[in-house]
>>> print(open('entry.txt').read())   # compact mmCIF, C-alpha atoms and all ligand atoms
# COMPACT_ATOMS: atom_id res chain seq x y z
CA MET M 1 319.48 130.12 -84.03
CA SER M 2 317.90 128.85 -87.24
CA ALA M 3 314.93 130.68 -88.74
CA SER M 4 312.49 127.98 -87.68
CA GLU M 5 313.68 128.15 -84.06
CA HIS M 6 312.90 131.86 -83.78
CA PRO M 7 310.21 132.34 -81.12
CA ALA M 8 308.08 134.41 -83.51
CA ARG M 9 308.22 131.66 -86.11
CA LYS M 10 305.41 129.29 -85.16
CA LEU M 11 305.03 126.86 -88.03
CA ARG M 12 301.47 125.98 -88.93
CA PRO M 13 300.14 122.41 -88.63
CA ALA M 14 300.35 121.46 -92.33
CA THR M 15 304.02 122.48 -92.41
CA ARG M 16 304.77 120.58 -89.22
CA MET M 17 303.13 117.48 -90.67
CA VAL M 18 305.68 117.55 -93.50
CA HIS M 19 308.84 118.49 -91.58
CA GLY M 20 308.17 118.05 -87.84
CA GLY M 21 310.35 115.60 -85.94
CA THR M 22 312.64 114.79 -88.86
CA MET M 23 316.09 113.56 -87.75
CA ARG M 24 318.50 113.18 -90.66
CA SER M 25 321.27 110.61 -90.66
CA GLN M 26 324.83 111.33 -91.81
CA PHE M 27 323.63 110.75 -95.40
CA GLY M 28 321.27 113.73 -95.43
CA GLU M 29 318.34 111.80 -96.93
CA THR M 30 315.31 113.90 -98.00
CA SER M 31 312.66 111.40 -96.90
CA GLU M 32 312.69 110.10 -93.32
CA ALA M 33 314.90 107.02 -92.96
CA LEU M 34 313.50 103.66 -91.95
CA PHE M 35 315.66 102.31 -89.11
CA LEU M 36 314.66 98.66 -89.24
CA THR M 37 316.84 97.56 -86.35
CA GLN M 38 316.21 95.91 -83.00
CA GLY M 39 319.21 97.36 -81.25
CA PHE M 40 322.18 99.70 -81.49
CA VAL M 41 325.96 99.27 -81.20
CA TYR M 42 328.21 101.27 -78.92
CA GLU M 43 331.75 102.53 -79.53
CA THR M 44 332.92 101.26 -76.17
CA ALA M 45 331.74 99.35 -73.12
CA GLU M 46 331.82 102.64 -71.23
CA ALA M 47 329.45 104.17 -73.78
CA ALA M 48 327.04 101.23 -73.40
CA GLU M 49 327.12 101.66 -69.63
CA ALA M 50 326.40 105.40 -69.90
CA ARG M 51 323.59 104.83 -72.42
CA PHE M 52 321.89 102.26 -70.18
CA LYS M 53 322.20 104.49 -67.12
CA GLY M 54 320.59 107.30 -69.08
CA GLU M 55 323.72 109.43 -68.66
CA GLN M 56 324.26 109.60 -72.41
CA PRO M 57 321.42 110.34 -74.83
CA GLY M 58 320.70 107.85 -77.57
CA PHE M 59 318.78 104.75 -78.51
CA VAL M 60 319.06 101.47 -76.62
CA TYR M 61 316.56 98.91 -77.81
CA SER M 62 313.62 99.21 -80.20
CA ARG M 63 311.12 97.86 -77.69
CA PHE M 64 311.16 101.38 -76.26
CA SER M 65 313.35 103.60 -78.45
CA ASN M 66 313.96 103.71 -82.19
CA PRO M 67 314.78 106.70 -84.41
CA THR M 68 311.95 106.14 -86.92
CA VAL M 69 309.41 105.61 -84.13
CA ALA M 70 310.79 108.68 -82.33
CA MET M 71 310.30 110.82 -85.47
CA PHE M 72 306.69 109.65 -85.66
CA GLU M 73 306.13 110.37 -81.95
CA GLU M 74 307.62 113.86 -82.26
CA ARG M 75 305.47 114.67 -85.30
CA MET M 76 302.35 113.45 -83.45
CA ALA M 77 303.24 115.58 -80.40
CA LEU M 78 303.68 118.65 -82.63
CA LEU M 79 300.36 118.02 -84.34
CA GLU M 80 298.48 117.59 -81.07
CA GLY M 81 300.31 120.34 -79.21
CA ALA M 82 301.32 117.80 -76.55
CA GLU M 83 304.54 117.81 -74.57
CA ALA M 84 305.20 114.14 -75.30
CA ALA M 85 303.92 111.13 -77.22
CA ARG M 86 304.50 107.37 -77.26
CA ALA M 87 303.62 105.15 -80.20
CA THR M 88 302.11 101.68 -79.76
CA ALA M 89 301.44 98.62 -81.91
CA SER M 90 297.71 99.34 -82.25
CA GLY M 91 295.03 101.67 -81.02
CA MET M 92 293.97 99.09 -78.44
CA ALA M 93 297.54 98.88 -77.10
CA ALA M 94 297.42 102.68 -76.64
CA VAL M 95 294.04 102.60 -74.85
CA THR M 96 295.00 99.66 -72.62
CA ALA M 97 298.41 101.06 -71.66
CA ALA M 98 297.00 104.53 -71.00
CA LEU M 99 294.23 103.23 -68.75
CA MET M 100 296.33 100.60 -66.95
CA SER M 101 299.07 103.12 -66.26
CA LEU M 102 296.72 105.53 -64.50
CA VAL M 103 294.98 103.08 -62.13
CA ARG M 104 295.75 100.41 -59.59
CA ALA M 105 293.61 97.94 -57.61
CA GLY M 106 291.04 99.79 -55.50
CA ASP M 107 290.66 102.65 -57.97
CA HIS M 108 287.54 103.49 -59.99
CA VAL M 109 286.98 104.48 -63.62
CA VAL M 110 283.97 106.25 -65.11
CA ALA M 111 283.45 105.85 -68.85
CA ALA M 112 280.82 106.69 -71.43
CA ARG M 113 278.98 103.54 -72.50
CA ALA M 114 279.22 104.43 -76.20
CA LEU M 115 282.77 103.15 -76.69
CA PHE M 116 284.55 101.29 -79.47
CA GLY M 117 283.82 97.58 -78.78
CA SER M 118 287.27 96.59 -77.52
CA CYS M 119 287.54 99.72 -75.38
CA LEU M 120 284.24 98.75 -73.76
CA TYR M 121 285.67 95.28 -73.10
CA ILE M 122 288.75 96.75 -71.38
CA VAL M 123 286.63 98.99 -69.16
CA GLU M 124 283.78 96.58 -68.45
CA GLU M 125 285.56 93.23 -68.18
CA TRP M 126 289.35 93.59 -68.08
CA LEU M 127 289.94 96.36 -65.50
CA PRO M 128 287.56 94.79 -62.92
CA ARG M 129 289.64 91.58 -63.00
CA PHE M 130 292.46 93.59 -61.45
CA GLY M 131 290.33 95.20 -58.77
CA VAL M 132 289.50 98.38 -60.67
CA ALA M 133 285.79 99.16 -60.41
CA THR M 134 284.11 100.81 -63.37
CA THR M 135 280.87 102.72 -63.93
CA LEU M 136 279.40 103.21 -67.39
CA VAL M 137 277.26 106.27 -68.05
CA ASP M 138 275.29 107.83 -70.88
CA GLY M 139 278.08 110.15 -71.96
CA THR M 140 275.73 112.88 -73.17
CA ASP M 141 274.14 113.23 -69.70
CA LEU M 142 276.42 115.36 -67.49
CA ASP M 143 274.35 114.52 -64.39
CA GLN M 144 275.23 110.84 -64.87
CA TRP M 145 278.95 111.72 -64.97
CA ARG M 146 278.60 113.80 -61.77
CA ALA M 147 276.64 111.06 -60.01
CA ALA M 148 279.16 108.37 -60.97
CA MET M 149 282.19 110.12 -59.48
CA GLN M 150 283.55 108.51 -56.31
CA SER M 151 286.38 109.45 -53.95
CA ASN M 152 288.56 106.79 -55.63
CA THR M 153 287.75 107.76 -59.24
CA LYS M 154 291.10 108.20 -61.00
CA VAL M 155 290.09 108.22 -64.66
CA CYS M 156 287.19 109.39 -66.82
CA PHE M 157 287.25 107.96 -70.34
CA LEU M 158 285.29 108.86 -73.46
CA GLU M 159 285.28 109.07 -77.22
CA SER M 160 283.51 111.78 -79.24
CA PRO M 161 281.97 111.60 -81.78
CA THR M 162 280.91 108.13 -80.68
CA ASN M 163 280.89 105.01 -82.80
CA PRO M 164 278.59 104.50 -84.64
CA GLN M 165 275.83 106.86 -83.48
CA LEU M 166 278.08 109.95 -83.79
CA GLU M 167 276.84 111.41 -80.53
CA ILE M 168 278.84 114.41 -79.34
CA LEU M 169 280.06 114.48 -75.74
CA ASP M 170 280.84 117.80 -74.06
CA ILE M 171 284.57 117.30 -73.48
CA ALA M 172 285.14 120.59 -71.64
CA ALA M 173 282.26 119.97 -69.21
CA ILE M 174 283.33 116.37 -68.55
CA ALA M 175 286.96 117.48 -68.02
CA GLU M 176 285.72 119.89 -65.36
CA ILE M 177 283.73 117.15 -63.60
CA ALA M 178 286.76 114.81 -63.74
CA HIS M 179 289.19 117.41 -62.40
CA LYS M 180 286.85 118.49 -59.62
CA GLY M 181 286.83 114.85 -58.48
CA GLY M 182 290.62 114.53 -58.74
CA ALA M 183 290.47 112.28 -61.83
CA LYS M 184 292.22 112.52 -65.19
CA LEU M 185 290.29 112.66 -68.45
CA VAL M 186 291.40 110.30 -71.22
CA VAL M 187 289.93 111.03 -74.67
CA ASP M 188 289.95 108.58 -77.58
CA ASN M 189 290.05 111.10 -80.44
CA VAL M 190 289.97 108.71 -83.40
CA PHE M 191 286.70 109.78 -84.98
CA ALA M 192 287.47 113.52 -84.87
CA THR M 193 291.14 113.18 -85.89
CA PRO M 194 293.78 115.54 -84.43
CA LEU M 195 292.88 118.11 -87.09
CA LEU M 196 289.20 118.57 -86.29
CA GLN M 197 289.24 118.40 -82.48
CA GLN M 198 291.90 119.34 -79.93
CA PRO M 199 290.97 117.59 -76.67
CA PHE M 200 293.88 119.20 -74.74
CA ASP M 201 292.39 122.65 -75.39
CA LEU M 202 289.12 121.31 -73.96
CA GLY M 203 290.81 120.06 -70.77
CA ALA M 204 291.77 116.45 -71.54
CA ASP M 205 294.85 115.07 -69.77
CA VAL M 206 295.61 112.15 -72.08
CA VAL M 207 294.67 111.70 -75.75
CA VAL M 208 294.82 108.32 -77.47
CA TYR M 209 294.63 107.34 -81.14
CA SER M 210 294.29 104.32 -83.27
CA THR M 211 296.65 105.54 -86.01
CA THR M 212 295.35 102.56 -88.00
CA LYS M 213 292.57 104.91 -89.09
CA HIS M 214 293.14 108.36 -90.66
CA ILE M 215 296.83 108.64 -89.81
CA ASP M 216 297.80 105.64 -91.91
CA GLY M 217 294.71 106.49 -93.94
CA GLN M 218 295.37 103.92 -96.62
CA GLY M 219 294.44 100.75 -94.80
CA ARG M 220 297.96 99.28 -94.53
CA CYS M 221 299.00 98.82 -90.92
CA LEU M 222 297.95 98.98 -87.31
CA GLY M 223 299.31 101.56 -84.93
CA GLY M 224 298.46 103.69 -81.93
CA CYS M 225 299.65 106.70 -80.01
CA ILE M 226 299.33 108.12 -76.49
CA LEU M 227 299.84 111.86 -75.95
CA ALA M 228 300.08 113.75 -72.66
CA ALA M 229 302.15 116.12 -70.54
CA ARG M 230 305.74 114.99 -70.13
CA ASP M 231 305.37 113.99 -66.48
CA ILE M 232 302.48 111.65 -67.31
CA ILE M 233 304.29 110.08 -70.29
CA ASP M 234 307.72 109.82 -68.67
CA GLY M 235 306.27 108.46 -65.48
CA GLN M 236 303.93 105.49 -65.63
CA ILE M 237 303.14 105.36 -69.34
CA HIS M 238 306.74 105.08 -70.52
CA ASN M 239 307.49 102.40 -67.93
CA ILE M 240 304.42 100.32 -68.75
CA LEU M 241 305.21 100.43 -72.47
CA ARG M 242 308.93 99.80 -71.95
CA GLN M 243 308.40 96.80 -69.70
CA THR M 244 305.36 95.20 -71.34
CA GLY M 245 306.39 95.80 -74.97
CA PRO M 246 303.40 96.70 -77.19
CA SER M 247 305.87 98.52 -79.44
CA LEU M 248 305.15 99.98 -82.85
CA SER M 249 307.30 98.37 -85.55
CA PRO M 250 309.72 100.91 -87.11
CA PHE M 251 308.31 99.89 -90.49
CA ASN M 252 304.76 100.76 -89.43
CA ALA M 253 306.01 103.96 -87.76
CA TRP M 254 307.60 104.97 -91.07
CA ILE M 255 304.30 104.43 -92.90
CA MET M 256 302.44 106.48 -90.27
CA LEU M 257 305.08 109.22 -90.45
CA LYS M 258 304.57 109.50 -94.20
CA GLY M 259 300.80 109.34 -93.65
CA LEU M 260 300.98 112.47 -91.50
CA GLU M 261 302.41 114.42 -94.45
CA THR M 262 299.12 114.11 -96.33
CA LEU M 263 296.74 113.96 -93.34
CA PRO M 264 295.45 117.55 -93.69
CA LEU M 265 294.73 117.06 -97.39
CA ARG M 266 293.01 113.72 -96.90
CA VAL M 267 290.94 114.64 -93.84
CA GLY M 268 289.95 117.93 -95.47
CA GLN M 269 288.64 116.27 -98.59
CA GLN M 270 287.08 113.30 -96.76
CA THR M 271 285.25 115.68 -94.41
CA ALA M 272 283.95 117.82 -97.25
CA SER M 273 282.77 114.68 -99.09
CA ALA M 274 281.16 113.21 -95.95
CA ALA M 275 279.11 116.38 -95.47
CA ARG M 276 277.95 116.24 -99.10
CA VAL M 277 277.09 112.52 -98.99
CA ALA M 278 275.13 113.12 -95.76
CA ASP M 279 273.13 115.87 -97.47
CA ALA M 280 272.58 113.69 -100.56
CA LEU M 281 271.23 110.81 -98.47
CA VAL M 282 268.55 112.93 -96.82
CA GLY M 283 265.27 112.43 -98.64
CA LEU M 284 266.34 109.35 -100.59
CA PRO M 285 263.70 106.59 -100.59
CA GLY M 286 263.81 104.44 -97.45
CA VAL M 287 266.36 106.64 -95.63
CA ALA M 288 264.70 107.38 -92.29
CA ARG M 289 267.52 109.34 -90.73
CA VAL M 290 271.02 110.63 -91.45
CA LEU M 291 273.42 111.41 -88.62
CA TYR M 292 276.28 113.79 -89.30
CA PRO M 293 277.62 116.08 -86.55
CA PHE M 294 277.65 119.29 -88.63
CA ARG M 295 274.14 118.90 -90.08
CA ASP M 296 271.60 121.19 -88.40
CA ASP M 297 269.30 118.22 -87.74
CA HIS M 298 271.96 116.47 -85.62
CA PRO M 299 270.72 116.66 -82.01
CA GLN M 300 274.04 118.13 -80.80
CA SER M 301 275.12 120.12 -83.84
CA ALA M 302 275.65 123.28 -81.74
CA LEU M 303 278.03 121.44 -79.40
CA ALA M 304 279.74 119.78 -82.37
CA ARG M 305 280.37 123.18 -83.95
CA ARG M 306 281.68 124.51 -80.65
CA GLN M 307 284.27 121.79 -80.06
CA MET M 308 285.08 120.56 -83.58
CA LYS M 309 286.43 122.31 -86.69
CA GLY M 310 284.56 120.00 -89.06
CA GLY M 311 281.96 117.24 -88.92
CA GLY M 312 284.44 114.44 -89.59
CA THR M 313 284.80 111.76 -92.22
CA VAL M 314 282.12 109.36 -90.93
CA LEU M 315 278.33 109.48 -91.09
CA ALA M 316 275.56 107.11 -90.07
CA LEU M 317 272.20 106.40 -91.63
CA GLU M 318 269.11 104.58 -90.51
CA LEU M 319 267.01 102.77 -93.11
CA ASP M 320 263.34 101.89 -92.92
CA GLY M 321 263.03 98.11 -93.12
CA GLY M 322 265.66 97.10 -90.56
CA LYS M 323 268.42 94.59 -91.21
CA ALA M 324 267.06 93.39 -94.55
CA ALA M 325 267.01 96.91 -95.99
CA ALA M 326 270.46 97.69 -94.54
CA PHE M 327 271.90 94.55 -96.13
CA ARG M 328 270.23 95.34 -99.48
CA PHE M 329 271.76 98.84 -99.33
CA ALA M 330 275.27 97.57 -98.48
CA ASN M 331 275.14 94.81 -101.10
CA ALA M 332 274.02 97.22 -103.82
CA LEU M 333 277.02 99.53 -103.35
CA GLU M 334 279.75 99.22 -105.97
CA VAL M 335 282.25 101.96 -105.15
CA VAL M 336 281.84 101.79 -101.36
CA LYS M 337 283.20 98.52 -99.93
CA ILE M 338 281.80 96.50 -97.03
CA SER M 339 284.43 96.57 -94.27
CA ASN M 340 284.91 97.59 -90.66
CA ASN M 341 287.81 100.04 -90.92
CA LEU M 342 287.35 103.79 -91.12
CA GLY M 343 289.39 106.81 -92.12
CA ASP M 344 290.62 104.88 -95.16
CA ALA M 345 291.16 106.27 -98.68
CA LYS M 346 288.50 103.75 -99.71
CA SER M 347 284.93 104.48 -98.64
CA LEU M 348 283.71 101.71 -96.34
CA ILE M 349 280.32 100.70 -95.00
CA THR M 350 279.62 98.76 -91.81
CA HIS M 351 276.44 97.25 -90.36
CA PRO M 352 277.24 97.72 -86.65
CA ALA M 353 274.43 95.52 -85.27
CA THR M 354 275.85 92.38 -86.96
CA THR M 355 279.59 93.19 -86.89
CA THR M 356 281.34 95.69 -84.60
CA HIS M 357 278.50 95.70 -82.05
CA GLN M 358 277.14 92.14 -82.46
CA ARG M 359 278.55 91.11 -79.07
CA LEU M 360 276.18 93.49 -77.26
CA LYS M 361 272.74 92.38 -76.11
CA PRO M 362 269.94 93.63 -78.41
CA GLU M 363 268.52 95.74 -75.56
CA THR M 364 271.93 97.36 -74.91
CA ARG M 365 272.23 98.15 -78.60
CA ALA M 366 268.72 99.60 -78.64
CA ALA M 367 269.52 101.74 -75.57
CA MET M 368 272.60 103.02 -77.37
CA GLY M 369 270.53 103.89 -80.44
CA ILE M 370 272.11 101.25 -82.69
CA GLY M 371 269.17 99.93 -84.67
CA GLU M 372 269.03 96.98 -87.05
CA GLY M 373 268.61 99.41 -89.93
CA MET M 374 271.67 101.50 -89.03
CA LEU M 375 274.74 101.69 -91.27
CA ARG M 376 278.03 103.50 -90.63
CA LEU M 377 279.66 105.03 -93.67
CA SER M 378 283.31 106.10 -93.67
CA ILE M 379 284.01 108.41 -96.59
CA GLY M 380 287.23 108.02 -98.58
CA LEU M 381 288.98 109.84 -101.38
CA GLU M 382 286.90 108.77 -104.38
CA ASP M 383 285.28 111.38 -106.67
CA ILE M 384 282.34 112.89 -104.80
CA ASP M 385 279.99 112.39 -107.75
CA ASP M 386 280.76 108.66 -107.87
CA LEU M 387 280.04 108.41 -104.14
CA ILE M 388 276.73 110.25 -104.38
CA GLU M 389 275.72 108.13 -107.38
CA ASP M 390 276.66 104.95 -105.50
CA VAL M 391 274.61 105.71 -102.37
CA THR M 392 271.67 106.99 -104.44
CA LEU M 393 271.50 103.77 -106.47
CA ALA M 394 271.91 101.71 -103.29
CA ALA M 395 269.04 103.53 -101.58
CA MET M 396 266.83 102.87 -104.58
CA ALA M 397 267.82 99.18 -104.57
CA ALA M 398 267.20 98.89 -100.80
CA ALA M 399 263.79 100.58 -100.99
CA ARG M 400 262.58 98.27 -103.75
C1 LIG L 1 289.81 101.43 -84.25
C2 LIG L 1 289.56 102.07 -82.97
C3 LIG L 1 290.24 101.66 -81.81
C4 LIG L 1 291.20 100.50 -81.80
O1 LIG L 1 292.28 100.67 -82.66
P1 LIG L 1 293.10 99.43 -83.32
O2 LIG L 1 294.19 100.15 -84.05
O3 LIG L 1 292.15 98.69 -84.18
O4 LIG L 1 293.61 98.61 -82.19
C5 LIG L 1 289.97 102.32 -80.63
N1 LIG L 1 289.08 103.34 -80.58
C6 LIG L 1 288.41 103.77 -81.66
C7 LIG L 1 287.44 104.88 -81.54
C8 LIG L 1 288.63 103.15 -82.90
O5 LIG L 1 287.95 103.57 -83.97
>>> encode(input="entry.txt", output="structure tokens", more="lines below")
Ligand SMILES: *Cc1c(COP(=O)(O)O)cnc(C)c1O
Amino acid sequence: MSASEHPARKLRPATRMVHGGTMRSQFGETSEALFLTQGFVYETAEAAEARFKGEQPGFVYSRFSNPTVAMFEERMALLEGAEAARATASGMAAVTAALMSLVRAGDHVVAARALFGSCLYIVEEWLPRFGVATTLVDGTDLDQWRAAMQSNTKVCFLESPTNPQLEILDIAAIAEIAHKGGAKLVVDNVFATPLLQQPFDLGADVVVYSTTKHIDGQGRCLGGCILAARDIIDGQIHNILRQTGPSLSPFNAWIMLKGLETLPLRVGQQTASAARVADALVGLPGVARVLYPFRDDHPQSALARRQMKGGGTVLALELDGGKAAAFRFANALEVVKISNNLGDAKSLITHPATTTHQRLKPETRAAMGIGEGMLRLSIGLEDIDDLIEDVTLAAMAAAR
């Protein structure tokens, strides 16, 4: 037994993010190898037969098995404390495959209305086309979750903190409601990152990520990941992914794998900076409201502190003066860029009402608390003093 296999030797997350899942080739490379290959060759026809029948371990075809992708999946599973993980080509491929694999025609899904735009589309428009009924609720109201449950409810789906209002949903309470009704809880954990919130400890059955965000963390490629108990992954989820093919490219998997090595450093600094920028924004001219989960004036800060280890890398602000003021603020920024990604090394600002959430009816947006003066700010790795200076000057320009 090697030292790291000793039962008393439980490596801590930062160490696992550097070493976890590594499979070295015969060359003994230090850095994880990039296996840019579609398929694999076999010594003999008998070996190919055994590999295909699953009687011999090994890789078959990169649509569903590749060594670089497998290293990434194993490192993700170690980080999340999940039995198994499957990588996908994007976050939306992960969400779609996870939901589609858990339901069939005649089933019912309950989801919080405050979802990432494309997730809302899948729940509201795509699933019903295949005979899956869906009910959308205000995710912060537990009575609405209870009332929405039906005998055929198979899945409850949520994200927390939500985008862009940064509402906090009580994952443990919603897991209990789901399980009591015989449903599984799927949590989209992108905003919290695997470091700041562990949905499995709160009762979730499936956790999904867009690894496009913090896990790449440098704005290079798209990716996704589904994590769950082995029976859930090996059953429907593996089959759906294997047969339909939303596979993560080995090249992108390699970038994500290397991204995990620095994830704790990046998320730690980005979270600390986000908290400081949130504090700096309060009281600036024209800033009506700042939303950050770990600020005491956040309506659910107590719940946030209970289920998260940090407030996250994203904050939202509401400016007096609506869209015009929000646009003046965004246009006045020099360090922070206008974009719709988040979790990036570069700080990015988004005006949800005219971009990510423009498809929604104005009344739906208003009901969700997404005003015309709202901006979402994803904090990157720049010097904190440059960031504070940038938002301070922008607030002054917007208030003019
Ligand atoms: C970005 C995002 C997604 C979709 O991920 P892609 O990688 O862009 O497909 C899903 N959910 C949340 C919360 C996101 O932020």
>>> closest_atom_pairs(input="entry.txt", of="chain M", to="ligand LIG 1 (chain L)", cutoff="6 Å", atoms="all atoms listed in the file", output="tab-separated table")
residue	atom	partner	partner_atom	distance
M:Ser90	CA	L:LIG1	O2	4.0
M:Gly91	CA	L:LIG1	O1	3.4
M:Met92	CA	L:LIG1	O4	3.8
M:Phe116	CA	L:LIG1	C7	5.1
M:Asp188	CA	L:LIG1	C7	6.0
M:Val190	CA	L:LIG1	C7	5.0
M:Ser210	CA	L:LIG1	O1	4.2
M:Thr212	CA	L:LIG1	O2	4.8
M:Leu222	CA	L:LIG1	O2	5.1
M:Gly223	CA	L:LIG1	O2	5.4
M:Gly224	CA	L:LIG1	O2	5.9
>>> write_last_selection(input="entry.txt", atoms="C-alpha atoms", output="compact mmCIF listing (two decimals), keeping the file's coordinate frame")
# COMPACT_ATOMS: atom_id res chain seq x y z
CA SER M 90 297.71 99.34 -82.25
CA GLY M 91 295.03 101.67 -81.02
CA MET M 92 293.97 99.09 -78.44
CA PHE M 116 284.55 101.29 -79.47
CA ASP M 188 289.95 108.58 -77.58
CA VAL M 190 289.97 108.71 -83.40
CA SER M 210 294.29 104.32 -83.27
CA THR M 212 295.35 102.56 -88.00
CA LEU M 222 297.95 98.98 -87.31
CA GLY M 223 299.31 101.56 -84.93
CA GLY M 224 298.46 103.69 -81.93
>>> closest_residue(input="entry.txt", among="M:Cys156, M:Gln198, M:Gly203, M:Val290", to="Gly181 in chain M", atoms="only C-alpha atoms")
M:Cys156
>>> closest_residue(input="entry.txt", among="M:Ala395, M:Ala330, M:Ile338, M:Val314", to="Arg276 in chain M", atoms="all atoms listed in the file")
M:Val314
>>> residues_near_point(input="entry.txt", point="(295.9, 114.7, -95.2)", cutoff="10 Å", atoms="all atoms listed in the file", output="ChimeraX atom specification")
/M:14,17,195,214-217,259-270
>>> closest_residue(input="entry.txt", among="M:Met76, M:Ile226, M:Ala48, M:Met308", to="Lys258 in chain M", atoms="only C-alpha atoms")
M:Met76
>>> atom_distance(input="entry.txt", atom1="CA of Gln236 in chain M", atom2="CA of Val206 in chain M")
12.5 Å
>>> residues_around(input="entry.txt", residues="Gln307 in chain M", least_positions_apart="2", cutoff="12 Å", atoms="all atoms listed in the file", output="PyMOL selection string")
chain M and resi 160-161+168-173+192+195-203+293-294+300-305+309-311
>>> atom_distance(input="entry.txt", atom1="CA of Ile174 in chain M", atom2="CA of Gly139 in chain M")
8.8 Å
>>> residues_around(input="entry.txt", residues="Tyr61 in chain M", least_positions_apart="2", cutoff="9 Å", atoms="all atoms listed in the file", output="list of chain:residue names")
M:Thr37, M:Gln38, M:Gly39, M:Phe40, M:Phe59, M:Arg63, M:Phe64, M:Ser65, M:Asn66
>>> closest_atom_pairs(input="entry.txt", of="range 240-292 of chain M", to="range 356-377 of chain M", cutoff="12 Å", atoms="only C-alpha atoms", output="JSON lines")
{"residue": "M:Gln270", "atom": "CA", "partner": "M:Leu377", "partner_atom": "CA", "distance": 11.5}
{"residue": "M:Ser273", "atom": "CA", "partner": "M:Leu377", "partner_atom": "CA", "distance": 11.5}
{"residue": "M:Ala274", "atom": "CA", "partner": "M:Leu377", "partner_atom": "CA", "distance": 8.6}
{"residue": "M:Ala275", "atom": "CA", "partner": "M:Leu377", "partner_atom": "CA", "distance": 11.5}
{"residue": "M:Val277", "atom": "CA", "partner": "M:Leu377", "partner_atom": "CA", "distance": 9.5}
{"residue": "M:Ala278", "atom": "CA", "partner": "M:Leu377", "partner_atom": "CA", "distance": 9.5}
{"residue": "M:Leu281", "atom": "CA", "partner": "M:Leu377", "partner_atom": "CA", "distance": 11.3}
{"residue": "M:Gly286", "atom": "CA", "partner": "M:Gly373", "partner_atom": "CA", "distance": 10.2}
{"residue": "M:Val287", "atom": "CA", "partner": "M:Gly373", "partner_atom": "CA", "distance": 9.5}
{"residue": "M:Ala288", "atom": "CA", "partner": "M:Gly373", "partner_atom": "CA", "distance": 9.2}
{"residue": "M:Arg289", "atom": "CA", "partner": "M:Met374", "partner_atom": "CA", "distance": 9.0}
{"residue": "M:Val290", "atom": "CA", "partner": "M:Met374", "partner_atom": "CA", "distance": 9.5}
{"residue": "M:Leu291", "atom": "CA", "partner": "M:Arg376", "partner_atom": "CA", "distance": 9.4}
{"residue": "M:Tyr292", "atom": "CA", "partner": "M:Leu377", "partner_atom": "CA", "distance": 10.4}
>>> write_last_selection(input="entry.txt", atoms="C-alpha atoms", output="compact mmCIF listing (two decimals), keeping the file's coordinate frame")
# COMPACT_ATOMS: atom_id res chain seq x y z
CA GLN M 270 287.08 113.30 -96.76
CA SER M 273 282.77 114.68 -99.09
CA ALA M 274 281.16 113.21 -95.95
CA ALA M 275 279.11 116.38 -95.47
CA VAL M 277 277.09 112.52 -98.99
CA ALA M 278 275.13 113.12 -95.76
CA LEU M 281 271.23 110.81 -98.47
CA GLY M 286 263.81 104.44 -97.45
CA VAL M 287 266.36 106.64 -95.63
CA ALA M 288 264.70 107.38 -92.29
CA ARG M 289 267.52 109.34 -90.73
CA VAL M 290 271.02 110.63 -91.45
CA LEU M 291 273.42 111.41 -88.62
CA TYR M 292 276.28 113.79 -89.30
>>> closest_residue(input="entry.txt", among="M:Pro128, M:Pro250, M:Pro57, M:Gly182", to="Asp205 in chain M", atoms="all atoms listed in the file")
M:Gly182
>>> atom_distance(input="entry.txt", atom1="CA of Gly380 in chain M", atom2="CA of Thr350 in chain M")
13.8 Å
>>> residues_near_point(input="entry.txt", point="(308.3, 106.5, -74.5)", cutoff="9 Å", atoms="only C-alpha atoms", output="PyMOL selection string")
chain M and resi 64-65+70+73+84-87+233-234+237-239+241-242
